[in-house]
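Have a look at data_27.cif below; it lists mmCIF, C-alpha atoms and all ligand atoms.
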data_work
#
loop_
_atom_site.label_atom_id
_atom_site.label_comp_id
_atom_site.auth_asym_id
_atom_site.auth_seq_id
_atom_site.Cartn_x
_atom_site.Cartn_y
_atom_site.Cartn_z
CA MET A 1 30.79 14.54 -57.02
CA ARG A 2 30.03 14.31 -60.75
CA ALA A 3 29.96 10.83 -62.30
CA THR A 4 32.99 10.15 -64.46
CA ILE A 5 32.53 10.14 -68.24
CA GLY A 6 35.61 9.57 -70.37
CA ARG A 7 36.00 9.24 -74.11
CA PHE A 8 38.19 8.09 -76.95
CA ALA A 9 37.93 10.34 -79.99
CA PRO A 10 39.88 9.09 -83.02
CA SER A 11 39.90 10.89 -86.37
CA PRO A 12 39.27 8.47 -89.25
CA THR A 13 42.33 9.60 -91.17
CA GLY A 14 43.59 6.00 -90.99
CA PRO A 15 43.36 2.88 -88.84
CA LEU A 16 44.40 2.86 -85.19
CA HIS A 17 48.12 2.39 -84.46
CA ALA A 18 50.11 1.74 -81.29
CA GLY A 19 49.89 5.44 -80.30
CA SER A 20 46.11 5.39 -80.56
CA LEU A 21 45.98 2.16 -78.55
CA LEU A 22 47.84 3.86 -75.71
CA ALA A 23 45.19 6.62 -75.58
CA ALA A 24 42.36 4.11 -75.88
CA VAL A 25 43.70 1.93 -73.03
CA ALA A 26 44.53 4.82 -70.70
CA SER A 27 41.22 6.64 -71.26
CA TYR A 28 39.34 3.36 -70.78
CA CYS A 29 41.14 2.46 -67.56
CA GLU A 30 40.79 5.97 -66.12
CA ALA A 31 37.03 6.00 -66.76
CA ARG A 32 36.26 2.42 -65.79
CA ALA A 33 38.50 2.41 -62.69
CA ALA A 34 36.40 5.34 -61.44
CA GLY A 35 33.23 3.33 -62.17
CA GLY A 36 32.42 5.71 -65.02
CA GLN A 37 31.31 5.55 -68.64
CA TRP A 38 33.59 5.43 -71.66
CA LEU A 39 32.34 6.86 -74.95
CA VAL A 40 33.67 6.57 -78.48
CA ARG A 41 33.44 9.54 -80.81
CA ILE A 42 34.56 9.48 -84.42
CA GLU A 43 35.96 12.91 -85.30
CA ASP A 44 35.10 12.87 -88.99
CA LEU A 45 35.20 16.62 -89.53
CA ASP A 46 37.50 16.74 -92.51
CA PRO A 47 36.25 14.58 -95.42
CA PRO A 48 39.27 15.27 -97.69
CA ARG A 49 41.63 13.84 -95.03
CA GLU A 50 39.44 10.85 -94.28
CA VAL A 51 40.46 7.39 -95.45
CA PRO A 52 37.45 5.47 -96.82
CA GLY A 53 36.48 2.64 -94.48
CA ALA A 54 38.66 3.93 -91.61
CA SER A 55 35.73 4.65 -89.26
CA SER A 56 34.40 1.10 -89.39
CA LEU A 57 37.90 -0.38 -89.26
CA ILE A 58 38.61 1.65 -86.09
CA LEU A 59 35.49 0.24 -84.43
CA HIS A 60 36.49 -3.31 -85.46
CA GLN A 61 39.95 -2.75 -84.05
CA LEU A 62 38.48 -1.55 -80.75
CA GLU A 63 36.23 -4.62 -80.60
CA ALA A 64 39.14 -6.95 -81.38
CA PHE A 65 41.03 -5.43 -78.45
CA GLY A 66 38.09 -6.12 -76.15
CA PHE A 67 36.88 -2.53 -75.61
CA GLU A 68 33.22 -2.01 -74.78
CA TRP A 69 31.86 1.50 -75.09
CA ASP A 70 28.73 2.98 -73.60
CA GLY A 71 25.85 4.10 -75.80
CA GLU A 72 26.01 4.78 -79.51
CA VAL A 73 29.17 5.88 -81.26
CA ARG A 74 28.96 9.60 -82.00
CA TYR A 75 29.98 10.92 -85.45
CA GLN A 76 30.94 14.58 -85.67
CA SER A 77 29.85 14.68 -89.32
CA ARG A 78 26.26 14.53 -87.97
CA ARG A 79 26.71 17.40 -85.53
CA HIS A 80 26.86 20.43 -87.80
CA GLU A 81 23.72 21.99 -86.32
CA ALA A 82 25.23 21.95 -82.84
CA TYR A 83 28.42 23.61 -84.12
CA GLU A 84 26.35 26.30 -85.87
CA ALA A 85 24.39 26.88 -82.65
CA ALA A 86 27.65 27.39 -80.74
CA LEU A 87 28.87 29.83 -83.39
CA SER A 88 25.70 31.86 -83.17
CA ALA A 89 25.92 31.97 -79.35
CA LEU A 90 29.46 33.33 -79.72
CA GLN A 91 28.40 35.80 -82.38
CA LYS A 92 25.68 37.17 -80.10
CA GLN A 93 28.43 37.99 -77.60
CA GLY A 94 30.40 39.78 -80.33
CA LEU A 95 33.23 37.26 -80.10
CA LEU A 96 33.53 36.29 -83.78
CA PHE A 97 34.93 37.92 -86.86
CA TRP A 98 35.27 36.93 -90.51
CA CYS A 99 38.83 36.69 -91.79
CA ARG A 100 40.09 36.54 -95.35
CA CYS A 101 43.82 36.43 -94.60
CA SER A 102 45.46 33.70 -96.63
CA ARG A 103 47.87 31.17 -95.19
CA THR A 104 50.64 32.81 -97.20
CA ASP A 105 49.77 36.25 -95.79
CA LEU A 106 49.98 34.85 -92.26
CA ALA A 107 53.10 32.77 -92.86
CA ARG A 108 55.00 35.96 -93.79
CA LEU A 109 54.44 37.49 -90.36
CA PRO A 110 57.18 37.33 -87.73
CA SER A 111 55.00 35.92 -84.94
CA PRO A 112 52.86 32.77 -85.25
CA ALA A 113 50.08 34.51 -83.26
CA TYR A 114 47.30 35.94 -85.44
CA PRO A 115 47.81 39.73 -85.46
CA GLY A 116 44.13 40.73 -85.44
CA THR A 117 44.08 41.95 -89.06
CA CYS A 118 40.37 41.26 -89.73
CA ARG A 119 38.99 41.93 -86.25
CA GLU A 120 36.77 44.75 -87.54
CA PHE A 121 34.75 42.35 -89.78
CA THR A 122 32.19 41.33 -87.18
CA LEU A 123 29.47 40.42 -89.67
CA PRO A 124 29.41 37.37 -91.94
CA ARG A 125 31.05 37.81 -95.33
CA PRO A 126 31.62 35.17 -98.00
CA ASP A 127 34.87 33.31 -98.59
CA ALA A 128 36.10 33.96 -95.04
CA ALA A 129 37.19 31.89 -92.07
CA ILE A 130 35.45 32.51 -88.75
CA ARG A 131 37.85 33.39 -85.94
CA LEU A 132 37.33 33.77 -82.19
CA ARG A 133 38.38 37.07 -80.61
CA VAL A 134 40.77 36.05 -77.83
CA SER A 135 41.53 38.30 -74.86
CA ASP A 136 44.99 38.49 -73.34
CA SER A 137 44.34 36.65 -70.09
CA ILE A 138 46.46 33.65 -69.09
CA ARG A 139 44.81 30.22 -68.87
CA CYS A 140 46.02 27.85 -66.18
CA PHE A 141 45.16 24.22 -65.72
CA THR A 142 46.66 21.19 -64.05
CA ASP A 143 47.35 18.17 -66.19
CA ALA A 144 47.14 14.88 -64.29
CA LEU A 145 50.63 13.86 -65.52
CA PHE A 146 52.35 16.98 -66.87
CA GLY A 147 51.33 19.12 -63.88
CA SER A 148 50.66 22.82 -63.80
CA GLN A 149 50.35 24.51 -67.23
CA GLN A 150 49.81 28.10 -68.23
CA GLU A 151 49.41 29.81 -71.55
CA SER A 152 48.39 33.15 -72.96
CA VAL A 153 46.51 32.03 -76.05
CA ARG A 154 46.60 35.60 -77.34
CA ASN A 155 50.42 35.41 -77.45
CA THR A 156 50.83 31.85 -78.67
CA VAL A 157 48.17 31.48 -81.38
CA GLY A 158 45.99 34.57 -81.10
CA ASP A 159 42.42 34.69 -82.45
CA PHE A 160 42.01 31.12 -83.64
CA VAL A 161 39.83 29.63 -86.38
CA LEU A 162 36.49 27.99 -85.51
CA LYS A 163 35.24 27.46 -89.05
CA ARG A 164 37.58 27.28 -91.96
CA ARG A 165 37.34 29.27 -95.15
CA ASP A 166 36.40 26.07 -96.99
CA GLY A 167 33.39 25.66 -94.69
CA LEU A 168 34.81 22.86 -92.48
CA TYR A 169 34.42 23.17 -88.71
CA ALA A 170 37.68 23.40 -86.78
CA TYR A 171 38.68 20.66 -84.35
CA GLN A 172 38.77 23.17 -81.44
CA LEU A 173 35.10 24.07 -81.89
CA ALA A 174 33.83 20.54 -82.44
CA VAL A 175 35.81 19.00 -79.57
CA VAL A 176 34.59 21.60 -77.07
CA VAL A 177 30.96 21.43 -78.20
CA ASP A 178 30.89 17.62 -78.11
CA ASP A 179 32.83 17.19 -74.87
CA ALA A 180 30.29 19.52 -73.25
CA ASP A 181 27.25 17.96 -74.91
CA GLN A 182 28.34 14.45 -73.93
CA GLY A 183 29.07 15.51 -70.36
CA ILE A 184 32.73 14.47 -70.61
CA THR A 185 34.44 14.93 -67.23
CA GLN A 186 37.91 13.68 -68.16
CA VAL A 187 39.92 13.95 -71.36
CA VAL A 188 42.79 11.49 -71.76
CA ARG A 189 44.80 11.84 -74.99
CA GLY A 190 48.31 12.14 -76.43
CA SER A 191 50.59 14.95 -75.28
CA ASP A 192 50.75 16.23 -78.86
CA LEU A 193 47.43 17.86 -77.93
CA LEU A 194 48.64 19.38 -74.65
CA ASP A 195 49.13 22.77 -76.31
CA ASN A 196 45.56 22.74 -77.68
CA THR A 197 44.08 22.56 -74.21
CA ALA A 198 44.34 26.26 -73.31
CA ARG A 199 42.44 27.14 -76.51
CA GLN A 200 39.76 24.65 -75.58
CA ILE A 201 39.47 26.14 -72.10
CA VAL A 202 39.10 29.64 -73.60
CA LEU A 203 36.25 28.39 -75.74
CA GLN A 204 34.60 26.49 -72.88
CA GLN A 205 34.58 29.65 -70.79
CA MET A 206 33.11 31.72 -73.62
CA LEU A 207 30.39 29.11 -74.20
CA GLY A 208 29.74 28.80 -70.45
CA VAL A 209 30.36 25.03 -70.33
CA PRO A 210 32.40 23.10 -67.74
CA THR A 211 36.10 22.31 -68.18
CA PRO A 212 36.89 18.58 -67.91
CA ASP A 213 39.96 17.21 -66.15
CA TYR A 214 42.88 16.63 -68.50
CA MET A 215 45.48 13.89 -68.70
CA HIS A 216 47.97 13.96 -71.55
CA LEU A 217 49.96 10.80 -72.18
CA PRO A 218 53.63 10.54 -73.01
CA LEU A 219 54.32 10.25 -76.72
CA ILE A 220 55.22 6.97 -78.32
CA VAL A 221 58.30 7.42 -80.47
CA ASN A 222 59.68 5.10 -83.13
CA THR A 223 63.28 3.91 -83.31
CA ASP A 224 64.29 7.19 -85.03
CA GLY A 225 62.88 9.19 -82.08
CA ASN A 226 59.95 10.51 -84.17
CA LYS A 227 56.41 10.53 -82.84
CA LEU A 228 54.51 7.47 -83.97
CA SER A 229 51.69 8.82 -86.12
CA LYS A 230 49.90 8.35 -89.39
CA GLN A 231 52.27 10.97 -90.83
CA THR A 232 55.30 8.84 -89.94
CA PHE A 233 53.51 5.79 -91.40
CA ALA A 234 52.77 4.04 -88.11
CA LYS A 235 51.54 0.53 -88.77
CA ALA A 236 47.84 -0.30 -88.41
CA LEU A 237 47.01 -2.39 -85.35
CA PRO A 238 46.32 -5.99 -86.35
CA LEU A 239 43.00 -7.70 -85.59
CA THR A 240 44.72 -10.80 -84.18
CA GLY A 241 47.40 -11.18 -81.53
CA CYS A 242 45.69 -8.39 -79.60
CA THR A 243 46.53 -9.79 -76.15
CA THR A 244 50.27 -9.42 -76.73
CA LEU A 245 49.89 -5.84 -77.94
CA LEU A 246 47.63 -4.93 -75.05
CA LEU A 247 50.17 -6.28 -72.57
CA GLN A 248 52.90 -4.33 -74.32
CA THR A 249 50.77 -1.17 -74.08
CA LEU A 250 50.24 -1.76 -70.36
CA HIS A 251 54.01 -2.08 -69.93
CA HIS A 252 54.39 1.23 -71.81
CA LEU A 253 51.97 2.74 -69.32
CA ARG A 254 54.22 1.24 -66.62
CA GLN A 255 51.48 -0.99 -65.26
CA LYS A 256 52.64 -4.44 -64.20
CA PRO A 257 50.45 -7.10 -65.82
CA PRO A 258 51.28 -10.65 -64.68
CA ALA A 259 52.69 -13.07 -67.31
CA ARG A 260 49.72 -15.41 -66.93
CA LEU A 261 47.56 -12.88 -68.84
CA GLN A 262 49.43 -13.82 -72.01
CA ALA A 263 47.11 -16.83 -72.32
CA GLU A 264 43.94 -14.77 -71.88
CA GLN A 265 41.48 -12.99 -74.16
CA PRO A 266 41.97 -9.22 -74.68
CA SER A 267 38.82 -8.47 -72.65
CA THR A 268 40.32 -10.30 -69.65
CA VAL A 269 43.53 -8.28 -69.96
CA LEU A 270 41.52 -5.04 -70.04
CA ALA A 271 39.49 -6.13 -67.01
CA TRP A 272 42.77 -6.77 -65.15
CA ALA A 273 44.06 -3.34 -66.25
CA VAL A 274 40.95 -1.59 -64.93
CA ALA A 275 41.03 -3.45 -61.61
CA ASN A 276 44.76 -2.73 -61.09
CA TRP A 277 45.05 0.72 -62.71
CA GLN A 278 47.75 2.94 -61.17
CA ARG A 279 47.87 6.28 -62.97
CA HIS A 280 50.79 7.62 -60.91
CA ARG A 281 53.10 5.06 -62.54
CA ILE A 282 52.72 6.45 -66.07
CA GLY A 283 55.15 9.39 -65.95
CA THR A 284 55.87 11.76 -68.85
CA ASP A 285 58.98 10.38 -70.57
CA PRO A 286 58.54 9.51 -74.28
CA ILE A 287 58.00 5.79 -74.81
CA PRO A 288 60.36 4.13 -77.31
CA PHE A 289 58.58 1.58 -79.43
CA SER A 290 59.50 -0.69 -82.27
CA GLU A 291 56.62 -1.95 -84.35
CA GLY A 292 57.43 -5.63 -84.37
CA TYR A 293 54.05 -6.91 -85.55
N1 LIG B 1 40.59 13.38 -82.93
C1 LIG B 1 41.86 13.68 -82.34
C2 LIG B 1 42.92 12.75 -82.88
O1 LIG B 1 42.61 11.68 -83.38
C3 LIG B 1 41.84 13.53 -80.84
C4 LIG B 1 41.06 14.60 -80.22
C5 LIG B 1 41.03 14.60 -78.70
O2 LIG B 1 41.21 13.55 -78.06
O3 LIG B 1 40.75 15.67 -78.17
O4 LIG B 1 44.09 13.10 -82.80
#

Output the file's structure as structure tokens, nothing else.
Ligand code: GLU
Amino acid sequence: MRATIGRFAPSPTGPLHAGSLLAAVASYCEARAAGGQWLVRIEDLDPPREVPGASSLILHQLEAFGFEWDGEVRYQSRRHEAYEAALSALQKQGLLFWCRCSRTDLARLPSPAYPGTCREFTLPRPDAAIRLRVSDSIRCFTDALFGSQQESVRNTVGDFVLKRRDGLYAYQLAVVVDDADQGITQVVRGSDLLDNTARQIVLQQMLGVPTPDYMHLPLIVNTDGNKLSKQTFAKALPLTGCTTLLLQTLHHLRQKPPARLQAEQPSTVLAWAVANWQRHRIGTDPIPFSEGY
């Protein structure tokens, strides 16, 4: 059996919020309860969307909540060579093409799936996005909470972008290259990314790297029923009072922490959570949350 390696991979587009804490706690407990490693990766792929200071604030927040990660934190901004190497491996297989369709061109089309317009441009050309040629097979996988999933990527999104026209690497490429390079065996993250998984599996298969196990967590929704996110102005996690918030997060994950933990340090609460982790309790229903801190 392969040793478990899990990860938490925030984008530094703002500080962590209650939704990120849910993913951090669940990925940590899944990895540690299996006696495995837990890595932290900062997905700083998109400088214009980055908030200055967010990367270091995220690490401080994780420390305040008692998380301990294995090894050095990885920064995707330092991984461009690896992403280029993956692109050239794909190009050698004839799987890439260079696309100059604009967003407006594509938005006018009836189907959201890319129609294959630029497929004939199989050699690099300037001012073009790089897309992956996707075949029409159906990808199936089993999510640990959401169960059996299947998707024809060709029909849902079509040939997807790996490097944007502005030169930035796409999340799909970077996440697959780094999950493989870091030997990640389990991905635990929010269910807003459930429909990205089939694309990632397509890419893993084309690059000949293993597919990790996937667990997508129920969404945390605010009192209006909207997903808690940076876009809906979710509040930053505080650096004090972390024990209370951790206990609340464990309740959201339907674990049953005893009241006595209220008097403990965050690291003690996390140690309890790892020792008593019961993934089957989590379920898939959205979690209502009011940000009372
Ligand atoms: N960086 C992504 C985010 O913050 C998460 C990526 C992942 O876990 O695959 O939403």

Hey, which residues come within 6 Å of ligand LIG 1 (chain B) if we count all atoms listed in the file? Could you give them as an MDAnalysis selection string? chainID A and resid 9:11 43 189

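The smallest atom-to-atom distance between Arg154 in chain A and any of A:Val176, A:Val188, A:Tyr114, A:Ala82, using only C-alpha atoms, is found for A:Tyr114.
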
With a distance cut-off of 8 Å and only C-alpha atoms, select the neighbouring residues of Arg139 in chain A, excluding the residue or stretch itself and same-chain residues fewer than 5 positions from it, and output the selection as a PyMOL selection string. chain A and resi 150-153+198+201-202

Name the closest residue to Pro124 in chain A among the candidates A:Leu96, A:Ala236, A:Cys140, A:Cys101; distances are taken between atoms, counting only C-alpha atoms.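 For Pro124 in chain A, the nearest of the candidates is A:Leu96.
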
Neighbouring residues of range 221-223 of chain A were defined as those with any atom within 8 Å, considering all atoms listed in the file; residues of the same chain fewer than 6 positions away were excluded. Please report them as an mmCIF file with C-alpha atoms, keeping the file's coordinate frame.
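Wrote it out as selection_23.cif, contents follow:
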data_model
loop_
_atom_site.group_PDB
_atom_site.id
_atom_site.type_symbol
_atom_site.label_atom_id
_atom_site.label_comp_id
_atom_site.auth_asym_id
_atom_site.auth_seq_id
_atom_site.Cartn_x
_atom_site.Cartn_y
_atom_site.Cartn_z
ATOM 1 C CA PRO A 286 58.540 9.510 -74.280
ATOM 2 C CA ILE A 287 58.000 5.790 -74.810
ATOM 3 C CA PRO A 288 60.360 4.130 -77.310
ATOM 4 C CA PHE A 289 58.580 1.580 -79.430
ATOM 5 C CA SER A 290 59.500 -0.690 -82.270
ATOM 6 C CA GLU A 291 56.620 -1.950 -84.350
#

Excluding same-chain residues fewer than 6 positions from Pro218 in chain A, what lies within 6 Å of it counting all atoms listed in the file, as number ranges by chain? A: 191, 284-286

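Proximity ranking of A:Gln76, A:Gln61, A:Asn155, A:Ser267 relative to Asp44 in chain A places A:Gln76 first, based on only C-alpha atoms.
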
Calculated over only C-alpha atoms, which of the candidates A:Cys29, A:Ala23, A:Ser55, A:Leu193 has the smallest distance to Val269 in chain A?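 Smallest distance to Val269 in chain A is found for A:Cys29.
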
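Distance-wise, CA of Val274 in chain A and CA of Leu237 in chain A end up 21.3 Å apart.
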
Closest to Leu203 in chain A among A:Ser135, A:Gln172, A:Thr232, A:Thr122, using only C-alpha atoms?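 The closest residue to Leu203 in chain A is A:Gln172.
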
With a distance cut-off of 9 Å and only C-alpha atoms, select the neighbouring residues of range 233-235 of chain A, excluding the residue or stretch itself and same-chain residues fewer than 5 positions from it, and output the selection as a VMD selection string. chain A and resid 15 to 19 222 228 291 293

CA of Leu22 in chain A to CA of Ala273 in chain A: how many Å, to one decimal? 12.5 Å

Polymer residues at most 8 Å from (42.2, 31.0, -84.3) by only C-alpha atoms, as a PyMOL selection string: chain A and resi 114+131-132+157-162

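Nearest residue to Ser20 in chain A, choosing from A:Gln91, A:Ser148, A:Ser229, A:Thr244 and counting only C-alpha atoms: A:Ser229.
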
Just the number, please: distance in Å from CA of Asp192 in chain A to CA of Arg279 in chain A, one decimal.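 It comes out at 19.0 Å.
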
Hey, can I get the axis-aligned box for range 113-121 of chain A? All listed atoms, 3 Å padding on each side, centre and edge lengths in Å to one decimal, as AutoDock Vina command-line options.
--center_x 42.4 --center_y 39.6 --center_z -86.5 --size_x 21.3 --size_y 16.2 --size_z 12.5

Would you list the contacts of Trp98 in chain A as an MDAnalysis selection string, taking every protein, DNA or RNA residue within 9 Å and counting all atoms listed in the file, but skipping same-chain residues closer than 3 positions in sequence? chainID A and resid 118:131
